[in-house]
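This is protein_17.csv. It holds CSV, C-alpha atoms and all ligand atoms.
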chain,number,residue,atom,x,y,z
K,1,MET,CA,30.3,0.9,-12.3
K,2,THR,CA,29.9,4.4,-13.8
K,3,ALA,CA,30.4,7.3,-11.4
K,4,GLU,CA,27.3,8.7,-12.8
K,5,VAL,CA,25.0,6.2,-11.1
K,6,LEU,CA,27.2,5.5,-8.0
K,7,VAL,CA,25.6,6.6,-4.8
K,8,GLU,CA,26.7,6.4,-1.2
K,9,LYS,CA,25.1,3.5,0.7
K,10,LYS,CA,23.3,5.5,3.4
K,11,LYS,CA,19.8,6.4,4.6
K,12,LEU,CA,18.5,9.8,3.5
K,13,ALA,CA,16.0,11.7,5.6
K,14,LYS,CA,14.0,12.4,2.4
K,15,PRO,CA,14.5,9.6,-0.2
K,16,PRO,CA,13.9,10.9,-3.8
K,17,LEU,CA,11.2,8.3,-4.7
K,18,GLU,CA,8.0,7.0,-3.1
K,19,ILE,CA,7.6,3.3,-2.8
K,20,HIS,CA,4.1,2.1,-3.7
K,21,ARG,CA,2.4,-0.6,-1.7
K,22,LEU,CA,0.4,-3.8,-2.2
K,23,GLY,CA,-3.0,-2.9,-3.5
K,24,ASP,CA,-1.7,-0.1,-5.7
K,25,ARG,CA,-2.3,-0.8,-9.3
K,26,VAL,CA,1.1,0.5,-10.5
K,27,LEU,CA,2.6,-2.7,-9.1
K,28,ARG,CA,0.4,-4.8,-11.4
K,29,GLN,CA,1.5,-3.3,-14.7
K,30,SER,CA,4.0,-4.9,-17.1
K,31,ALA,CA,7.0,-2.7,-17.5
K,32,LYS,CA,8.3,-1.6,-20.9
K,33,ARG,CA,11.7,-2.4,-22.2
K,34,VAL,CA,14.3,0.4,-22.1
K,35,ALA,CA,15.4,1.3,-25.6
K,36,LYS,CA,18.4,3.4,-24.7
K,37,VAL,CA,20.3,3.8,-21.4
K,38,ASP,CA,20.4,7.6,-21.4
K,39,GLY,CA,20.7,10.3,-18.8
K,40,GLU,CA,17.1,10.0,-17.7
K,41,ILE,CA,17.6,6.2,-17.0
K,42,LYS,CA,20.8,6.9,-15.1
K,43,GLN,CA,19.1,9.5,-13.0
K,44,LEU,CA,16.3,6.9,-12.3
K,45,ILE,CA,18.9,4.3,-11.3
K,46,ARG,CA,20.6,6.8,-8.9
K,47,GLU,CA,17.3,7.7,-7.3
K,48,MET,CA,16.2,4.0,-7.1
K,49,LEU,CA,19.5,3.2,-5.3
K,50,GLN,CA,19.1,6.1,-2.8
K,51,THR,CA,15.5,5.0,-2.2
K,52,MET,CA,16.4,1.4,-1.7
K,53,TYR,CA,19.3,2.1,0.8
K,54,SER,CA,17.1,4.6,2.7
K,55,ALA,CA,14.4,1.8,3.1
K,56,ASP,CA,17.0,-0.9,4.1
K,57,GLY,CA,16.1,-2.9,1.1
K,58,ILE,CA,18.3,-5.3,-1.0
K,59,GLY,CA,16.4,-4.9,-4.2
K,60,LEU,CA,14.0,-2.4,-5.9
K,61,ALA,CA,12.2,-2.5,-9.3
K,62,ALA,CA,11.1,0.6,-11.2
K,63,PRO,CA,7.4,-0.3,-11.0
K,64,GLN,CA,7.6,0.0,-7.2
K,65,VAL,CA,8.4,3.7,-7.7
K,66,ALA,CA,5.6,4.0,-10.3
K,67,VAL,CA,8.0,4.0,-13.3
K,68,ASN,CA,6.9,1.6,-16.0
K,69,LYS,CA,10.3,0.6,-17.2
K,70,GLN,CA,12.4,-2.6,-17.0
K,71,VAL,CA,15.0,-1.4,-14.5
K,72,ILE,CA,16.0,-3.2,-11.3
K,73,VAL,CA,18.7,-2.5,-8.7
K,74,VAL,CA,20.0,-5.2,-6.4
K,75,ASP,CA,22.5,-5.1,-3.5
K,76,CYS,CA,22.7,-8.2,-1.2
K,77,GLU,CA,25.6,-6.6,0.7
K,78,PRO,CA,24.3,-3.1,1.6
K,79,ASP,CA,26.7,-2.9,4.5
K,80,GLU,CA,29.8,-3.3,2.2
K,81,ALA,CA,30.4,0.3,1.2
K,82,ALA,CA,33.0,-0.5,-1.5
K,83,LYS,CA,31.0,-3.3,-3.2
K,84,PRO,CA,28.9,-1.9,-6.1
K,85,PRO,CA,25.2,-2.8,-6.5
K,86,LEU,CA,23.9,-4.7,-9.5
K,87,ILE,CA,22.0,-2.7,-12.1
K,88,LEU,CA,19.9,-4.8,-14.5
K,89,ILE,CA,18.1,-3.2,-17.4
K,90,ASN,CA,15.7,-5.4,-19.5
K,91,PRO,CA,16.6,-8.5,-17.5
K,92,THR,CA,15.4,-11.9,-18.6
K,93,VAL,CA,15.9,-15.3,-17.0
K,94,THR,CA,17.5,-17.3,-19.8
K,95,GLN,CA,18.0,-20.5,-17.9
K,96,ALA,CA,16.7,-21.9,-14.6
K,97,GLY,CA,18.2,-25.0,-12.8
K,98,ARG,CA,16.0,-27.8,-11.7
K,99,ASP,CA,16.8,-27.5,-8.0
K,100,ILE,CA,14.3,-25.5,-6.0
K,101,ALA,CA,15.3,-23.3,-3.1
K,102,ILE,CA,13.0,-22.1,-0.4
K,103,ASN,CA,13.7,-18.6,1.0
K,104,GLN,CA,11.9,-16.3,3.3
K,105,GLU,CA,11.1,-13.2,1.2
K,106,GLY,CA,10.0,-9.7,2.0
K,107,CYS,CA,9.3,-6.7,-0.2
K,108,LEU,CA,9.5,-2.9,0.3
K,109,SER,CA,6.0,-2.7,-1.2
K,110,ILE,CA,4.7,-5.1,1.5
K,111,PRO,CA,6.4,-4.0,4.7
K,112,SER,CA,6.7,-6.4,7.7
K,113,VAL,CA,5.4,-9.4,5.8
K,114,TYR,CA,8.0,-12.2,5.4
K,115,LEU,CA,7.0,-15.6,4.0
K,116,ASP,CA,8.6,-18.7,2.3
K,117,VAL,CA,8.7,-18.8,-1.5
K,118,LYS,CA,10.0,-21.6,-3.7
K,119,ARG,CA,12.1,-20.6,-6.7
K,120,PRO,CA,14.8,-22.2,-8.9
K,121,ALA,CA,18.0,-22.2,-6.8
K,122,ALA,CA,20.2,-21.3,-9.8
K,123,ILE,CA,19.5,-19.1,-12.8
K,124,GLU,CA,21.2,-17.5,-15.7
K,125,VAL,CA,20.1,-13.9,-16.5
K,126,SER,CA,20.8,-11.7,-19.4
K,127,TYR,CA,20.4,-7.9,-19.2
K,128,LYS,CA,22.0,-4.6,-20.1
K,129,ASP,CA,24.2,-2.9,-17.5
K,130,GLU,CA,24.3,0.8,-16.7
K,131,TYR,CA,26.6,1.4,-19.7
K,132,GLY,CA,23.9,-0.2,-22.0
K,133,ARG,CA,26.3,-3.2,-22.6
K,134,PRO,CA,24.7,-6.7,-22.9
K,135,GLN,CA,25.7,-8.9,-19.9
K,136,ARG,CA,25.0,-12.4,-18.8
K,137,LEU,CA,25.3,-13.7,-15.3
K,138,SER,CA,24.9,-17.0,-13.5
K,139,VAL,CA,23.7,-16.7,-9.9
K,140,THR,CA,22.7,-18.9,-6.9
K,141,GLY,CA,21.7,-18.3,-3.3
K,142,LEU,CA,20.2,-15.1,-2.0
K,143,LEU,CA,21.2,-13.2,-5.2
K,144,ALA,CA,19.3,-15.7,-7.4
K,145,CYS,CA,16.3,-15.3,-5.2
K,146,CYS,CA,16.5,-11.5,-5.1
K,147,ILE,CA,16.9,-11.1,-8.9
K,148,GLN,CA,13.9,-13.4,-9.6
K,149,HIS,CA,11.8,-11.5,-7.1
K,150,GLU,CA,12.7,-8.2,-8.8
K,151,ILE,CA,12.2,-9.5,-12.3
K,152,ASP,CA,8.7,-10.6,-11.2
K,153,HIS,CA,8.0,-7.0,-10.3
K,154,LEU,CA,8.6,-6.1,-14.0
K,155,HIS,CA,5.8,-8.4,-14.9
K,156,GLY,CA,3.4,-7.2,-12.3
K,157,VAL,CA,4.0,-10.3,-10.0
K,158,LEU,CA,4.6,-10.0,-6.3
K,159,PHE,CA,6.2,-12.5,-4.0
K,160,VAL,CA,2.9,-13.0,-2.1
K,161,ASP,CA,1.4,-14.4,-5.4
K,162,ARG,CA,3.9,-17.3,-5.1
K,163,VAL,CA,3.3,-18.1,-1.4
K,164,GLU,CA,1.9,-21.6,-1.1
K,165,ASN,CA,0.8,-21.4,2.5
K,166,THR,CA,-2.3,-19.3,1.9
K,167,LEU,CA,-3.6,-19.6,5.4
K,168,LEU,CA,-0.4,-18.1,6.8
K,169,LEU,CA,-0.4,-15.5,4.0
K,170,ASP,CA,-3.9,-14.2,4.7
K,171,GLN,CA,-3.0,-14.1,8.4
K,172,GLU,CA,0.2,-12.1,7.9
K,173,LEU,CA,-1.4,-9.7,5.4
K,174,THR,CA,-4.3,-9.0,7.6
K,175,LYS,CA,-2.1,-8.5,10.6
K,176,HIS,CA,-0.1,-5.8,8.8
K,177,GLY,CA,-3.0,-4.0,7.3
K,178,PHE,CA,-3.1,-5.4,3.7
K,179,SER,CA,-6.1,-6.7,1.9
K,180,THR,CA,-5.9,-10.4,1.0
K,181,LYS,CA,-7.8,-9.5,-2.2
K,182,ALA,CA,-4.7,-7.8,-3.5
K,183,VAL,CA,-3.0,-11.2,-4.0
K,184,LYS,CA,-3.1,-12.7,-7.5
K,185,SER,CA,-1.9,-16.3,-6.8
K,186,VAL,CA,0.3,-17.9,-9.5
K,187,THR,CA,0.9,-21.1,-7.6
K,201,NI,NI,9.7,-6.6,-4.0
Do you think you could lay out the structure here as structure tokens?
Amino acid sequence: MTAEVLVEKKKLAKPPLEIHRLGDRVLRQSAKRVAKVDGEIKQLIREMLQTMYSADGIGLAAPQVAVNKQVIVVDCEPDEAAKPPLILINPTVTQAGRDIAINQEGCLSIPSVYLDVKRPAAIEVSYKDEYGRPQRLSVTGLLACCIQHEIDHLHGVLFVDRVENTLLLDQELTKHGFSTKAVKSVT
């Protein structure tokens, strides 16, 4: 990956960006496609990575930091210093397998809430990388789950919208101080 967007995987005392939480309307907007991967986008990517590592996250989408652009960063191996994160600009799921996987998900915008979500176990995604080059990737497992979760953010959808056990969902949200009215179920 380009040195321009590479950051050290460490926690900063003052992360550059503020992560917005469930109930905040910025999380419900549809993000706009990025026309050109310029210096401004690279700066955003760098700051998103620093913010994600500082918050112990494995994924972050631009709407979570109130930037209405189709940019996501993902790193399922945050403890592997030498492994670069994935940067996906204008990502779209081009194929989804029939097999469904159930994973316990969480979100930096909904701290302390972890619940099961069903999603396709394998997907193919197309996107632009940090050089602006078109890319295509087939993924499974945690990475497939994480990428789908982050792409949802670009469409104003949060993982809690996909939780089927609404009784447990309401219980967990209430317990951690979130309004159950902030959920927009898609199941
Ligand atoms: Ni999230």
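For the choices K:Val37, K:Ala121, K:Ala81, K:Val65, the atom-to-atom distance to ligand NI 201 (chain K) is smallest for K:Val65 when using only C-alpha atoms and all ligand atoms.
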Mind dumping a table of every segment 94-157 of chain K residue within 9 Å of segment 47-60 of chain K, with the nearest atom pair and its distance in Å to one decimal, using only C-alpha atoms, sorted by chain and rising number, as a tab-separated table?
residue	atom	partner	partner_atom	distance
K:Cys107	CA	K:Gly57	CA	7.9
K:Leu108	CA	K:Gly57	CA	6.6
K:Cys146	CA	K:Gly59	CA	6.7
K:Ile147	CA	K:Gly59	CA	7.8
K:His149	CA	K:Gly59	CA	8.6
K:Glu150	CA	K:Leu60	CA	6.6
K:His153	CA	K:Leu60	CA	8.7
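Distance check against ligand NI 201 (chain K) using all atoms listed in the file: of K:Val157, K:Val183, K:Ile89, K:Ile100, the minimum falls on K:Val157.
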With distances taken over all atoms listed in the file, which residue among K:Asp38, K:Asp161, K:Glu77, K:Glu8 lies nearest Gly132 of chain K? K:Asp38
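Atom pair atom CA of Lys175 of chain K / atom CA of Val26 of chain K has a distance of 23.2 Å (rounded to one decimal).
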Shortest interatomic distance to Ile151 of chain K - which of K:Leu137, K:Leu6, K:Ile72, K:Ala35, counting all atoms listed in the file: K:Ile72
Excluding Ile87 of chain K and any residue of its chain fewer than 2 positions from it, enumerate the residues within 7 Å of it, using all atoms listed in the file, and give them as an MDAnalysis selection string. chainID K and resid 72:74 85 89 129:130
Give me the residues near Glu105 of chain K as a PyMOL selection string, where near means some atom within 10 Å (using all atoms listed in the file) and where sequence neighbours in that chain fewer than 2 positions away do not count. chain K and resi 102-103+107+113-118+142+145-146+149+159-160+163
Would you mind reading off the distance between atom CA of Tyr131 of chain K and atom CA of Val7 of chain K, one decimal, in Å?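 Atom CA of Val7 of chain K lies 15.8 Å from atom CA of Tyr131 of chain K.
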For each of K:Leu168, K:Leu154, K:Val186, K:Val125, take the minimum atom-to-atom distance to ligand NI 201 (chain K), counting only C-alpha atoms and all ligand atoms, then give the residue where this is smallest.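 Among K:Leu168, K:Leu154, K:Val186, K:Val125, it is K:Leu154 that comes nearest to ligand NI 201 (chain K).
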Atoms added to segment 121-155 of chain K (N, CA and C atoms), reported as a tab-separated table (two decimals), in the coordinates of the input:
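Once written, selection-v3.tsv looks like this:
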chain	number	residue	atom	x	y	z
K	121	ALA	N	16.87	-22.58	-7.67
K	121	ALA	CA	18.00	-22.20	-6.80
K	121	ALA	C	19.10	-21.51	-7.63
K	122	ALA	N	19.19	-21.84	-8.92
K	122	ALA	CA	20.20	-21.30	-9.80
K	122	ALA	C	19.62	-20.78	-11.08
K	123	ILE	N	20.01	-19.61	-11.51
K	123	ILE	CA	19.50	-19.10	-12.80
K	123	ILE	C	20.63	-18.41	-13.56
K	124	GLU	N	20.36	-18.29	-14.87
K	124	GLU	CA	21.20	-17.50	-15.70
K	124	GLU	C	20.34	-16.31	-16.18
K	125	VAL	N	20.87	-15.10	-16.09
K	125	VAL	CA	20.10	-13.90	-16.50
K	125	VAL	C	20.86	-13.11	-17.49
K	126	SER	N	20.15	-12.61	-18.50
K	126	SER	CA	20.80	-11.70	-19.40
K	126	SER	C	20.14	-10.32	-19.29
K	127	TYR	N	20.92	-9.28	-19.48
K	127	TYR	CA	20.40	-7.90	-19.20
K	127	TYR	C	21.40	-6.92	-19.80
K	128	LYS	N	21.07	-5.65	-19.71
K	128	LYS	CA	22.00	-4.60	-20.10
K	128	LYS	C	22.45	-3.92	-18.78
K	129	ASP	N	23.73	-3.56	-18.72
K	129	ASP	CA	24.20	-2.90	-17.50
K	129	ASP	C	24.03	-1.36	-17.66
K	130	GLU	N	24.55	-0.62	-16.70
K	130	GLU	CA	24.30	0.80	-16.70
K	130	GLU	C	25.05	1.57	-17.81
K	131	TYR	N	25.93	0.85	-18.54
K	131	TYR	CA	26.60	1.40	-19.70
K	131	TYR	C	25.74	1.09	-20.99
K	132	GLY	N	24.70	0.25	-20.82
K	132	GLY	CA	23.90	-0.20	-22.00
K	132	GLY	C	24.56	-1.41	-22.65
K	133	ARG	N	25.59	-2.00	-22.01
K	133	ARG	CA	26.30	-3.20	-22.60
K	133	ARG	C	25.54	-4.45	-22.23
K	134	PRO	N	25.37	-5.37	-23.19
K	134	PRO	CA	24.70	-6.70	-22.90
K	134	PRO	C	25.59	-7.47	-21.90
K	135	GLN	N	24.96	-8.09	-20.92
K	135	GLN	CA	25.70	-8.90	-19.90
K	135	GLN	C	24.91	-10.19	-19.69
K	136	ARG	N	25.63	-11.17	-19.18
K	136	ARG	CA	25.00	-12.40	-18.80
K	136	ARG	C	25.65	-12.87	-17.49
K	137	LEU	N	24.82	-13.38	-16.60
K	137	LEU	CA	25.30	-13.70	-15.30
K	137	LEU	C	24.64	-14.96	-14.75
K	138	SER	N	25.47	-15.86	-14.15
K	138	SER	CA	24.90	-17.00	-13.50
K	138	SER	C	24.94	-16.81	-12.00
K	139	VAL	N	23.81	-16.99	-11.35
K	139	VAL	CA	23.70	-16.70	-9.90
K	139	VAL	C	23.03	-17.81	-9.14
K	140	THR	N	23.37	-17.90	-7.86
K	140	THR	CA	22.70	-18.90	-6.90
K	140	THR	C	22.46	-18.13	-5.63
K	141	GLY	N	21.85	-18.86	-4.69
K	141	GLY	CA	21.70	-18.30	-3.30
K	141	GLY	C	20.76	-17.13	-3.26
K	142	LEU	N	21.06	-16.25	-2.30
K	142	LEU	CA	20.20	-15.10	-2.00
K	142	LEU	C	20.10	-14.18	-3.27
K	143	LEU	N	21.22	-14.06	-4.00
K	143	LEU	CA	21.20	-13.20	-5.20
K	143	LEU	C	20.25	-13.72	-6.26
K	144	ALA	N	20.25	-15.05	-6.44
K	144	ALA	CA	19.30	-15.70	-7.40
K	144	ALA	C	17.88	-15.40	-7.04
K	145	CYS	N	17.61	-15.55	-5.75
K	145	CYS	CA	16.30	-15.30	-5.20
K	145	CYS	C	15.85	-13.86	-5.43
K	146	CYS	N	16.75	-12.97	-5.07
K	146	CYS	CA	16.50	-11.50	-5.10
K	146	CYS	C	16.24	-11.08	-6.59
K	147	ILE	N	17.08	-11.54	-7.50
K	147	ILE	CA	16.90	-11.10	-8.90
K	147	ILE	C	15.59	-11.65	-9.46
K	148	GLN	N	15.22	-12.88	-9.12
K	148	GLN	CA	13.90	-13.40	-9.60
K	148	GLN	C	12.76	-12.63	-9.03
K	149	HIS	N	12.87	-12.26	-7.76
K	149	HIS	CA	11.80	-11.50	-7.10
K	149	HIS	C	11.67	-10.12	-7.83
K	150	GLU	N	12.80	-9.48	-8.15
K	150	GLU	CA	12.70	-8.20	-8.80
K	150	GLU	C	12.24	-8.28	-10.25
K	151	ILE	N	12.66	-9.33	-10.96
K	151	ILE	CA	12.20	-9.50	-12.30
K	151	ILE	C	10.67	-9.74	-12.34
K	152	ASP	N	10.17	-10.46	-11.34
K	152	ASP	CA	8.70	-10.60	-11.20
K	152	ASP	C	8.00	-9.28	-11.16
K	153	HIS	N	8.58	-8.32	-10.43
K	153	HIS	CA	8.00	-7.00	-10.30
K	153	HIS	C	7.77	-6.36	-11.72
K	154	LEU	N	8.70	-6.66	-12.65
K	154	LEU	CA	8.60	-6.10	-14.00
K	154	LEU	C	7.44	-6.66	-14.78
K	155	HIS	N	6.91	-7.79	-14.30
K	155	HIS	CA	5.80	-8.40	-14.90
K	155	HIS	C	4.50	-8.33	-14.08
